[in-house]
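Take a look at the structure below.
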Amino acid sequence: MCGICGCGQTEQKHDHNHSHSHSHSHSHSHSHSHSHEHGSNEYEHNHDPVDLGTERLVQVEQALLSKNNSYAEQNRSYFQEHHIFALNLVSSPGAGKTSLLVETIKQLKDQFPIAVIEGDQQTEHDAERIRASGAPALQINTGRACHLDAHAIGHAVMDLKVADNSFLAIENVGNLVCPASFDLGEAHKVVVLSVTEGDDKPLKYPDMFHAADLMLINKIDLLPYVDFDVERCIQYAKQVNPDIQIMQLSTTKATNFSAWTTWLSDRVIS
Amino acid sequence: MHEISLLENVREILQEHAQKQNFKRVKKITLAIGKLSCIEPDALRFGFDAVMQGSLAEGAELILSEVAGKGICKACGKESAIDTLYAPCQYCEHPFVDVTAGNDMQIKDLIVI
């Protein structure tokens with residue numbers, strides 16, 4: 001049984017695309033003959049072959065998204081009890097989330113345990129890169145879904161056996177839209193924005209920048225080659241989220257990387 | 001596009017209800033869509049027929065009703081009507097409100113036979 005949500009699911013393989021196959025072989029062999037006499041005021045009705053019973057109203061009142069929030073709260077309590085500092089890393093595809101994590105693991109793995117949950121539509125590539133850097137990683141392939149959900153995270157945490165007093169990085173699917181509305185139980189959402197993208201991303205995707213507590217402006221070593229106005233970007237981000245913390249860094253050139261690693265180390269209880 | 005996976009969840013819920021409440025077909029389904037829910041009504045309409053094909057809701061009529069966004073201000077505690085997740089409090093203009101309505105999608109009711 002799952003230690004977080006208790007759902008009885010004991011999967012080893014995390015292919016959480018929830019694609020239950022429904023093979024319905026409805027054989028509608030209704031051979032009724034409509035020989036009843038209609039008067040001249042024949043009202044319109046649909047002569048659907050299965051339209052035999054009486055129609056009735058069924059109240060369902062079932063919410064679909066709030067289910068995710070209850071799983072997220074379960075994850076959050078689990079993280080608190082076990083002193084796991086969980087971050088949900090979000091960005092467009094290619095902003096540098098995986099490279100950021102690889103470098104973070106290299107620099108901090110001797111200070112505290114680090115585990116990574118990788119979300120991508122397909123492939124194990126990112127999890128393999130993380131493992132090569134020396135941290136356990138579990139890949140969730142979301143299939144058609146464009147975001148990670150809290151239920152999948154609860155199972156991944158159990159399967160990964162995330163250590164107490166550790167840092168858990170959840171690298172979400174590269175997408176600045178949908179992951180904003182799915183709480184995973186993390187302490188903070190961290191949005192990574194690279195300077196090769198537009199400086200107006202915070203205004204174009206305000207939900208995400210509003211939901212994030214920290215924005216990392218990545219690849220600043222490329223600033224001389226791109227048309228990206230850092231000040232304008234910061235101003236836009238503050239416009240949708242006045243409390244957002246902002247750091248500018250380059251993962252590959254290690255520029256200002258210590259601002260990020262210090263911020264992180266200060267928050268992990270080791 | 002998560003509308004397709006949400007519709008697949010809807011299809012599963014319909015099947016569960018069909019067994020519990022003993023119906024064979026869904027003729028009409030009403031979904032309430034929160035304005036802040038990151039769900040695009042047009043994308044739902046677009047995917048609905050395809051996802052429901054071969055299920056007990058094949059050919060069902062889809063009704064979408066919109067639920068307005070509301071939130072409680074984290075500073076003054078008053079409830080504001082909000083159009084976006086990042087909308088400030090309409091009274092004190094504090095930038096953060098806790099969303100209380102309009103960020104979910106609900107299956108309201110069905111007409112079944």
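Residues in the structure tokens are named by chain (A, B, ... in the order shown) and by number from 1 within that chain; ligands are numbered from 1 in the order shown.
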
task: Using only C-alpha atoms, find the residues of chain B whose closest atom to chain A is at most 6 Å away, then write them as a PyMOL selection string.
output: chain B and resi 2+86+104-113

With all heavy atoms kept, could you save the residues just selected as an mmCIF file, in the first residue's frame?
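The file below, part-v3.cif, is the result:
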```
data_model
loop_
_atom_site.group_PDB
_atom_site.id
_atom_site.type_symbol
_atom_site.label_atom_id
_atom_site.label_comp_id
_atom_site.auth_asym_id
_atom_site.auth_seq_id
_atom_site.Cartn_x
_atom_site.Cartn_y
_atom_site.Cartn_z
ATOM 1 N N HIS B 2 -4.168 19.410 -21.215
ATOM 2 C CA HIS B 2 -4.664 18.441 -20.243
ATOM 3 C C HIS B 2 -6.172 18.249 -20.303
ATOM 4 O O HIS B 2 -6.728 17.470 -19.546
ATOM 5 C CB HIS B 2 -4.182 18.773 -18.831
ATOM 6 C CG HIS B 2 -4.616 20.115 -18.343
ATOM 7 N ND1 HIS B 2 -3.847 20.870 -17.521
ATOM 8 C CD2 HIS B 2 -5.724 20.822 -18.557
ATOM 9 C CE1 HIS B 2 -4.473 22.001 -17.261
ATOM 10 N NE2 HIS B 2 -5.609 21.983 -17.872
ATOM 11 N N TYR B 86 -3.638 35.993 -10.584
ATOM 12 C CA TYR B 86 -2.729 37.017 -10.079
ATOM 13 C C TYR B 86 -3.442 38.354 -9.837
ATOM 14 O O TYR B 86 -2.794 39.377 -9.645
ATOM 15 C CB TYR B 86 -1.531 37.189 -11.021
ATOM 16 C CG TYR B 86 -1.932 37.444 -12.455
ATOM 17 C CD1 TYR B 86 -2.063 38.733 -12.937
ATOM 18 C CD2 TYR B 86 -2.194 36.372 -13.303
ATOM 19 C CE1 TYR B 86 -2.460 38.968 -14.237
ATOM 20 C CE2 TYR B 86 -2.593 36.598 -14.608
ATOM 21 C CZ TYR B 86 -2.725 37.894 -15.072
ATOM 22 O OH TYR B 86 -3.126 38.106 -16.366
ATOM 23 N N ASP B 104 -11.645 25.049 -10.187
ATOM 24 C CA ASP B 104 -11.843 23.610 -10.336
ATOM 25 C C ASP B 104 -12.750 23.328 -11.530
ATOM 26 O O ASP B 104 -13.272 24.241 -12.152
ATOM 27 C CB ASP B 104 -12.458 23.025 -9.052
ATOM 28 C CG ASP B 104 -12.035 21.579 -8.837
ATOM 29 O OD1 ASP B 104 -11.737 20.887 -9.836
ATOM 30 O OD2 ASP B 104 -12.005 21.140 -7.681
ATOM 31 N N MET B 105 -12.888 22.056 -11.803
ATOM 32 C CA MET B 105 -13.840 21.626 -12.823
ATOM 33 C C MET B 105 -14.687 20.545 -12.163
ATOM 34 O O MET B 105 -14.164 19.680 -11.481
ATOM 35 C CB MET B 105 -13.082 21.043 -14.006
ATOM 36 C CG MET B 105 -13.920 20.167 -14.910
ATOM 37 S SD MET B 105 -12.966 19.756 -16.389
ATOM 38 C CE MET B 105 -13.857 18.330 -16.955
ATOM 39 N N GLN B 106 -15.994 20.660 -12.339
ATOM 40 C CA GLN B 106 -16.892 19.741 -11.651
ATOM 41 C C GLN B 106 -17.873 19.121 -12.632
ATOM 42 O O GLN B 106 -18.384 19.800 -13.528
ATOM 43 C CB GLN B 106 -17.665 20.534 -10.582
ATOM 44 C CG GLN B 106 -18.261 19.671 -9.511
ATOM 45 C CD GLN B 106 -19.180 20.457 -8.593
ATOM 46 O OE1 GLN B 106 -19.906 21.334 -9.025
ATOM 47 N NE2 GLN B 106 -19.152 20.133 -7.306
ATOM 48 N N ILE B 107 -18.118 17.817 -12.435
ATOM 49 C CA ILE B 107 -19.217 17.200 -13.176
ATOM 50 C C ILE B 107 -20.452 17.513 -12.352
ATOM 51 O O ILE B 107 -20.562 17.054 -11.201
ATOM 52 C CB ILE B 107 -19.064 15.670 -13.292
ATOM 53 C CG1 ILE B 107 -17.693 15.317 -13.896
ATOM 54 C CG2 ILE B 107 -20.195 15.075 -14.119
ATOM 55 C CD1 ILE B 107 -17.434 13.828 -13.971
ATOM 56 N N LYS B 108 -21.334 18.332 -12.886
ATOM 57 C CA LYS B 108 -22.513 18.752 -12.114
ATOM 58 C C LYS B 108 -23.582 17.656 -12.128
ATOM 59 O O LYS B 108 -23.869 17.055 -11.128
ATOM 60 C CB LYS B 108 -23.131 20.025 -12.715
ATOM 61 C CG LYS B 108 -22.283 21.248 -12.580
ATOM 62 C CD LYS B 108 -22.228 21.779 -11.172
ATOM 63 C CE LYS B 108 -23.534 22.440 -10.755
ATOM 64 N NZ LYS B 108 -23.452 22.909 -9.375
ATOM 65 N N ASP B 109 -24.177 17.440 -13.267
ATOM 66 C CA ASP B 109 -25.234 16.440 -13.346
ATOM 67 C C ASP B 109 -25.322 15.835 -14.737
ATOM 68 O O ASP B 109 -24.673 16.306 -15.668
ATOM 69 C CB ASP B 109 -26.586 17.033 -12.910
ATOM 70 C CG ASP B 109 -26.899 18.322 -13.633
ATOM 71 O OD1 ASP B 109 -26.730 18.349 -14.866
ATOM 72 O OD2 ASP B 109 -27.304 19.303 -12.988
ATOM 73 N N LEU B 110 -26.125 14.799 -14.814
ATOM 74 C CA LEU B 110 -26.269 14.065 -16.073
ATOM 75 C C LEU B 110 -27.736 13.806 -16.350
ATOM 76 O O LEU B 110 -28.530 13.690 -15.416
ATOM 77 C CB LEU B 110 -25.603 12.679 -15.954
ATOM 78 C CG LEU B 110 -24.232 12.579 -15.305
ATOM 79 C CD1 LEU B 110 -23.914 11.111 -15.016
ATOM 80 C CD2 LEU B 110 -23.183 13.166 -16.221
ATOM 81 N N ILE B 111 -28.053 13.708 -17.610
ATOM 82 C CA ILE B 111 -29.350 13.131 -17.992
ATOM 83 C C ILE B 111 -29.003 11.753 -18.543
ATOM 84 O O ILE B 111 -28.198 11.619 -19.466
ATOM 85 C CB ILE B 111 -30.060 13.980 -19.072
ATOM 86 C CG1 ILE B 111 -30.326 15.388 -18.591
ATOM 87 C CG2 ILE B 111 -31.339 13.286 -19.516
ATOM 88 C CD1 ILE B 111 -31.442 15.561 -17.593
ATOM 89 N N VAL B 112 -29.597 10.755 -17.922
ATOM 90 C CA VAL B 112 -29.233 9.382 -18.297
ATOM 91 C C VAL B 112 -30.471 8.548 -18.614
ATOM 92 O O VAL B 112 -31.592 8.919 -18.282
ATOM 93 C CB VAL B 112 -28.460 8.684 -17.128
ATOM 94 C CG1 VAL B 112 -27.210 9.447 -16.788
ATOM 95 C CG2 VAL B 112 -29.350 8.530 -15.903
ATOM 96 N N ILE B 113 -30.219 7.435 -19.252
ATOM 97 C CA ILE B 113 -31.309 6.476 -19.445
ATOM 98 C C ILE B 113 -30.777 5.076 -19.116
ATOM 99 O O ILE B 113 -29.584 4.848 -19.126
ATOM 100 C CB ILE B 113 -31.874 6.465 -20.883
ATOM 101 C CG1 ILE B 113 -30.729 6.460 -21.910
ATOM 102 C CG2 ILE B 113 -32.799 7.638 -21.097
ATOM 103 C CD1 ILE B 113 -31.223 6.329 -23.316
#
```

task: For Leu101 in chain A, please output as a list of chain:residue names all residues within 9 Å (counting only C-alpha atoms; exclusion window: fewer than 6 positions along the same chain).
output: A:Val116, A:Ile130, A:Ala169, A:Glu171

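Closest approach to Ser5 in chain B among B:Leu85, B:Ala50, B:Cys92, B:Ile72: B:Ala50, based on only C-alpha atoms.
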
message: I'd like the neighbourhood of Leu14 in chain B as a list of chain:residue names, where a residue qualifies if any of its atoms comes within 8 Å (using only C-alpha atoms), though same-chain residues fewer than 3 positions away should be ignored.
response: B:Val10, B:Arg11, B:His17, B:Ala18, B:Leu56, B:Ala57

Would you output that residue set with N, CA and C atoms, as an mmCIF file, in the first residue's frame?
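Okay, this is what ended up in part27.cif:
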```
data_model
loop_
_atom_site.group_PDB
_atom_site.id
_atom_site.type_symbol
_atom_site.label_atom_id
_atom_site.label_comp_id
_atom_site.auth_asym_id
_atom_site.auth_seq_id
_atom_site.Cartn_x
_atom_site.Cartn_y
_atom_site.Cartn_z
ATOM 1 N N VAL B 10 -13.284 12.066 -16.736
ATOM 2 C CA VAL B 10 -14.745 12.204 -16.752
ATOM 3 C C VAL B 10 -15.370 10.896 -17.217
ATOM 4 N N ARG B 11 -14.812 10.337 -18.281
ATOM 5 C CA ARG B 11 -15.347 9.084 -18.843
ATOM 6 C C ARG B 11 -15.313 7.970 -17.793
ATOM 7 N N HIS B 17 -20.336 5.756 -12.061
ATOM 8 C CA HIS B 17 -21.704 6.132 -11.699
ATOM 9 C C HIS B 17 -22.734 5.253 -12.406
ATOM 10 N N ALA B 18 -22.422 4.840 -13.630
ATOM 11 C CA ALA B 18 -23.360 3.994 -14.374
ATOM 12 C C ALA B 18 -23.586 2.679 -13.636
ATOM 13 N N LEU B 56 -20.239 4.975 -22.848
ATOM 14 C CA LEU B 56 -21.674 5.138 -22.609
ATOM 15 C C LEU B 56 -22.133 6.580 -22.829
ATOM 16 N N ALA B 57 -21.173 7.485 -23.052
ATOM 17 C CA ALA B 57 -21.540 8.882 -23.299
ATOM 18 C C ALA B 57 -21.304 9.278 -24.753
#
```

message: Residues near Phe257 in chain A, anyone? I mean within 12 Å using only C-alpha atoms, not counting same-chain ones fewer than 6 positions away, as an MDAnalysis selection string.
response: chainID A and resid 100:101 103:104 107:108 216:221 247:251 263:264

For the residues in that selection, give me C-alpha atoms as a PDB file, in the first residue's frame.
```pdb
ATOM      1  CA  LEU A 100      20.948  23.326 -13.077  1.00  0.00           C
ATOM      2  CA  LEU A 101      20.155  20.197 -11.061  1.00  0.00           C
ATOM      3  CA  GLU A 103      25.480  21.158 -11.226  1.00  0.00           C
ATOM      4  CA  THR A 104      23.615  21.518  -7.905  1.00  0.00           C
ATOM      5  CA  GLN A 107      28.271  20.838  -5.579  1.00  0.00           C
ATOM      6  CA  LEU A 108      25.967  19.847  -2.714  1.00  0.00           C
ATOM      7  CA  LEU A 216      16.163  31.994 -11.674  1.00  0.00           C
ATOM      8  CA  ILE A 217      17.260  33.931 -14.739  1.00  0.00           C
ATOM      9  CA  ASN A 218      19.573  31.389 -16.318  1.00  0.00           C
ATOM     10  CA  LYS A 219      22.242  31.469 -19.066  1.00  0.00           C
ATOM     11  CA  ILE A 220      23.252  35.067 -18.280  1.00  0.00           C
ATOM     12  CA  ASP A 221      26.615  34.368 -19.951  1.00  0.00           C
ATOM     13  CA  MET A 247      18.551  35.469  -8.975  1.00  0.00           C
ATOM     14  CA  GLN A 248      20.602  35.801 -12.139  1.00  0.00           C
ATOM     15  CA  LEU A 249      23.053  33.023 -12.880  1.00  0.00           C
ATOM     16  CA  SER A 250      24.733  30.857 -15.434  1.00  0.00           C
ATOM     17  CA  THR A 251      24.827  27.133 -14.774  1.00  0.00           C
ATOM     18  CA  TRP A 263      19.707  29.799  -0.756  1.00  0.00           C
ATOM     19  CA  LEU A 264      19.110  26.063  -1.053  1.00  0.00           C
TER      20      LEU A 264
END
```

- request: Taking the chain letters and numbering used in this document, name the residues of chain B that DSSP puts in alpha helix (DSSP H), as an MDAnalysis selection string.
  value: chainID B and resid 3:21 41:52

Could you pull the residues within 9 Å of Gln74 in chain A, counting only C-alpha atoms, minus those fewer than 5 positions along the same chain, as a PDB file with N, CA and C atoms, in the first residue's frame?
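Full text of part-v1.pdb as output:
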```
ATOM      1  N   ILE A   4       1.827   7.175   1.450  1.00  0.00           N
ATOM      2  CA  ILE A   4       1.313   8.544   1.545  1.00  0.00           C
ATOM      3  C   ILE A   4      -0.190   8.590   1.339  1.00  0.00           C
ATOM      4  N   CYS A   5      -0.648   8.049   0.210  1.00  0.00           N
ATOM      5  CA  CYS A   5      -2.081   8.202  -0.061  1.00  0.00           C
ATOM      6  C   CYS A   5      -2.876   6.952   0.280  1.00  0.00           C
ATOM      7  N   ASN A  69      -5.341  18.454  -5.144  1.00  0.00           N
ATOM      8  CA  ASN A  69      -4.951  19.249  -3.972  1.00  0.00           C
ATOM      9  C   ASN A  69      -4.929  18.429  -2.696  1.00  0.00           C
ATOM     10  N   PHE A  79       6.377  15.491   3.723  1.00  0.00           N
ATOM     11  CA  PHE A  79       7.653  16.218   3.597  1.00  0.00           C
ATOM     12  C   PHE A  79       8.005  16.905   4.914  1.00  0.00           C
ATOM     13  N   ALA A 150       0.008  15.426  -8.158  1.00  0.00           N
ATOM     14  CA  ALA A 150       0.436  15.137  -6.789  1.00  0.00           C
ATOM     15  C   ALA A 150       0.362  13.646  -6.449  1.00  0.00           C
ATOM     16  N   GLY A 154       3.500  11.374  -4.924  1.00  0.00           N
ATOM     17  CA  GLY A 154       3.443  10.579  -3.695  1.00  0.00           C
ATOM     18  C   GLY A 154       4.028   9.191  -3.916  1.00  0.00           C
ATOM     19  N   GLY A 185       2.688  19.618  -3.482  1.00  0.00           N
ATOM     20  CA  GLY A 185       3.041  19.508  -2.071  1.00  0.00           C
ATOM     21  C   GLY A 185       4.406  20.106  -1.780  1.00  0.00           C
TER      22      GLY A 185
END
```

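Ranking B:Ile63, B:Val51, B:Phe46, B:Ile4 by their shortest atom-to-atom distance to Leu31 in chain B, with only C-alpha atoms included, puts B:Ile63 first.
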
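Between CA of Lys70 in chain B and CA of Gly102 in chain B lies a distance of 6.5 Å.
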
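Picture a line from CA of Lys35 in chain B to CA of Gly69 in chain B; it runs 5.8 Å.
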
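Put simply, CA of Ile234 in chain A is 20.0 Å away from CA of Ser258 in chain A.
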
Every residue of chain B that DSSP places in strand (DSSP E), as a VMD selection string: chain B and resid 26 to 34 61 to 67 69 to 73 79 to 82 97 to 101 105 to 112
